[in-house]
Amino acid sequence: MALKVVAGFLKKGDRFLLVKRPVNKKRGGLWEFPGGKVENGETLESAIKRELEEELGIKPKVKKLLGKTNYKYPEGEIELFLFEIESEEEPFLKEALELRWVNFEEVKELELCPADKKLLENIKRDL
Ligand SMILES: Nc1nc2c([nH]c(=O)n2[C@H]2C[C@H](O)[C@@H](COP(=O)(O)OP(=O)(O)OP(=O)(O)O)O2)c(=O)[nH]1
């Protein structure tokens with residue numbers, strides 16, 4: 001069974017938020033949407049709220065599911081759900097190495113987690 005992972009799409013103007021993974025973790029140094037693994041007994045929505053509070057210090061409003069993708073990493077498959085998020089509060093960094101607001105041009109310069117590249121292509125069409 002695929003490991004469920006939730007991630008947030010936070011928009012500011014024409015830019016969206018990415019965070020850099022800590023170097024000591026799998027796929028360290030790659031960029032990703034803020035989020036993380038769904039824990040036992042959690043709904044996807046409660047998981048994304050918890051992760052964004054832990055990672056960015058915000059209490060977000062979860063708007064809708066923007067996209068979903070499955071991706072097979074060497075250690076196993078993940079099922080990644082990307083939610084559109086609204087937040088009055090400005091995110092600040094609690095865990096990740098770096099945070100950056102990018103548009104669809106600027107994101108091409110960054111090395112993303114492979115699962116995210118696929119997801120980004122899919123949602124781009126709908127935004
Ligand atoms: N948070 C997040 N994780 C992603 C994205 N894309 C992607 O492939 N992943 C992968 C990276 C991890 O292997 C997995 C779970 O993310 P996580 O952030 O909770 O993992 P973690 O750092 O706690 O991992 P670990 O060290 O405990 O193994 O999903 C994304 O956009 N956001």
# chains A, B, ... in the order shown; residues from 1 in each chain; ligands from 1
$ residues_around --residues "Leu44 of chain A" --least-positions-apart "2" --cutoff "12 Å" --atoms "only C-alpha atoms" --output "ChimeraX atom specification"
/A:4-8,35-42,46-51,62,64-65,68,79-83
$ select_by_dssp --residues "chain A" --states "alpha helix (DSSP H)" --output "MDAnalysis selection string"
chainID A and resid 44:56 114:124
$ residues_around --residues "Leu66 of chain A" --least-positions-apart "5" --cutoff "10 Å" --atoms "only C-alpha atoms" --output "list in words"
Gly8, Phe9, Phe81, Leu82, Phe83, Glu84, Ile85, Leu119, Leu120, Asn122, Ile123, Lys124, Asp126 and Leu127 of chain A
$ select_by_dssp --residues "chain A" --states "strand (DSSP E)" --output "PDB file with C-alpha atoms, in the first residue's frame"
ATOM      1  CA  LEU A   3       2.249   5.806   1.904  1.00  0.00           C
ATOM      2  CA  LYS A   4      -0.104   8.780   2.050  1.00  0.00           C
ATOM      3  CA  VAL A   5       1.563  12.192   1.947  1.00  0.00           C
ATOM      4  CA  VAL A   6      -0.241  15.543   2.064  1.00  0.00           C
ATOM      5  CA  ALA A   7       1.134  18.840   0.806  1.00  0.00           C
ATOM      6  CA  GLY A   8      -0.081  22.427   0.619  1.00  0.00           C
ATOM      7  CA  PHE A   9      -0.265  24.846  -2.314  1.00  0.00           C
ATOM      8  CA  LEU A  10      -0.067  28.355  -0.821  1.00  0.00           C
ATOM      9  CA  LYS A  11      -0.439  31.240  -3.258  1.00  0.00           C
ATOM     10  CA  LYS A  12       0.725  34.830  -3.078  1.00  0.00           C
ATOM     11  CA  ARG A  15       3.794  32.835  -6.826  1.00  0.00           C
ATOM     12  CA  PHE A  16       3.499  29.744  -4.666  1.00  0.00           C
ATOM     13  CA  LEU A  17       5.467  28.445  -1.737  1.00  0.00           C
ATOM     14  CA  LEU A  18       8.162  25.785  -1.813  1.00  0.00           C
ATOM     15  CA  VAL A  19      10.434  24.568   0.965  1.00  0.00           C
ATOM     16  CA  LYS A  20      13.773  22.841   0.772  1.00  0.00           C
ATOM     17  CA  TRP A  31      12.421  21.365  -3.111  1.00  0.00           C
ATOM     18  CA  GLU A  32       8.888  20.304  -2.239  1.00  0.00           C
ATOM     19  CA  GLY A  35       3.595  18.931   4.168  1.00  0.00           C
ATOM     20  CA  GLY A  36       4.356  15.397   5.239  1.00  0.00           C
ATOM     21  CA  LYS A  37       3.132  11.922   5.997  1.00  0.00           C
ATOM     22  CA  LYS A  61      -7.832  27.031   5.735  1.00  0.00           C
ATOM     23  CA  VAL A  62      -7.995  23.979   3.464  1.00  0.00           C
ATOM     24  CA  LYS A  63      -9.859  24.976   0.278  1.00  0.00           C
ATOM     25  CA  LYS A  64      -9.826  21.989  -2.055  1.00  0.00           C
ATOM     26  CA  LEU A  65      -7.852  19.090  -3.449  1.00  0.00           C
ATOM     27  CA  LEU A  66      -5.895  20.389  -6.465  1.00  0.00           C
ATOM     28  CA  GLY A  67      -4.317  17.155  -7.541  1.00  0.00           C
ATOM     29  CA  LYS A  68      -3.044  13.757  -6.601  1.00  0.00           C
ATOM     30  CA  THR A  69      -0.262  11.548  -7.893  1.00  0.00           C
ATOM     31  CA  ASN A  70       1.383   8.234  -7.109  1.00  0.00           C
ATOM     32  CA  TYR A  71       5.134   7.930  -7.314  1.00  0.00           C
ATOM     33  CA  LYS A  72       7.471   4.980  -6.695  1.00  0.00           C
ATOM     34  CA  TYR A  73      10.623   5.832  -4.775  1.00  0.00           C
ATOM     35  CA  GLY A  76       8.340   2.475  -1.546  1.00  0.00           C
ATOM     36  CA  GLU A  77       5.425   4.153  -3.224  1.00  0.00           C
ATOM     37  CA  ILE A  78       3.817   7.382  -2.063  1.00  0.00           C
ATOM     38  CA  GLU A  79       0.399   8.780  -2.816  1.00  0.00           C
ATOM     39  CA  LEU A  80       0.752  12.551  -2.777  1.00  0.00           C
ATOM     40  CA  PHE A  81      -2.274  14.815  -2.291  1.00  0.00           C
ATOM     41  CA  LEU A  82      -1.907  18.544  -2.975  1.00  0.00           C
ATOM     42  CA  PHE A  83      -4.402  20.895  -1.315  1.00  0.00           C
ATOM     43  CA  GLU A  84      -5.104  24.525  -2.071  1.00  0.00           C
ATOM     44  CA  ILE A  85      -4.491  26.442   1.150  1.00  0.00           C
ATOM     45  CA  GLU A  86      -5.492  29.871   2.365  1.00  0.00           C
ATOM     46  CA  LEU A  99      11.498  28.767   1.934  1.00  0.00           C
ATOM     47  CA  ARG A 100      10.856  30.406  -1.405  1.00  0.00           C
ATOM     48  CA  TRP A 101       7.915  31.939  -3.280  1.00  0.00           C
ATOM     49  CA  VAL A 102       8.209  31.077  -6.977  1.00  0.00           C
TER      50      VAL A 102
END
$ closest_residue --among "A:Asp14, A:Pro91, A:Pro74, A:Glu121" --to "ligand 1" --atoms "only C-alpha atoms and all ligand atoms"
A:Pro74
$ closest_residue --among "A:Pro22, A:Gly13, A:Glu90, A:Lys108" --to "ligand 1" --atoms "only C-alpha atoms and all ligand atoms"
A:Pro22
$ atom_distance --atom1 "atom CA of Glu109 of chain A" --atom2 "atom CA of Glu88 of chain A"
28.3 Å
$ atom_distance --atom1 "atom CA of Ala115 of chain A" --atom2 "atom CA of Phe92 of chain A"
24.3 Å
$ closest_residue --among "A:Thr43, A:Leu52, A:Glu106, A:Pro60" --to "ligand 1" --atoms "only C-alpha atoms and all ligand atoms"
A:Leu52
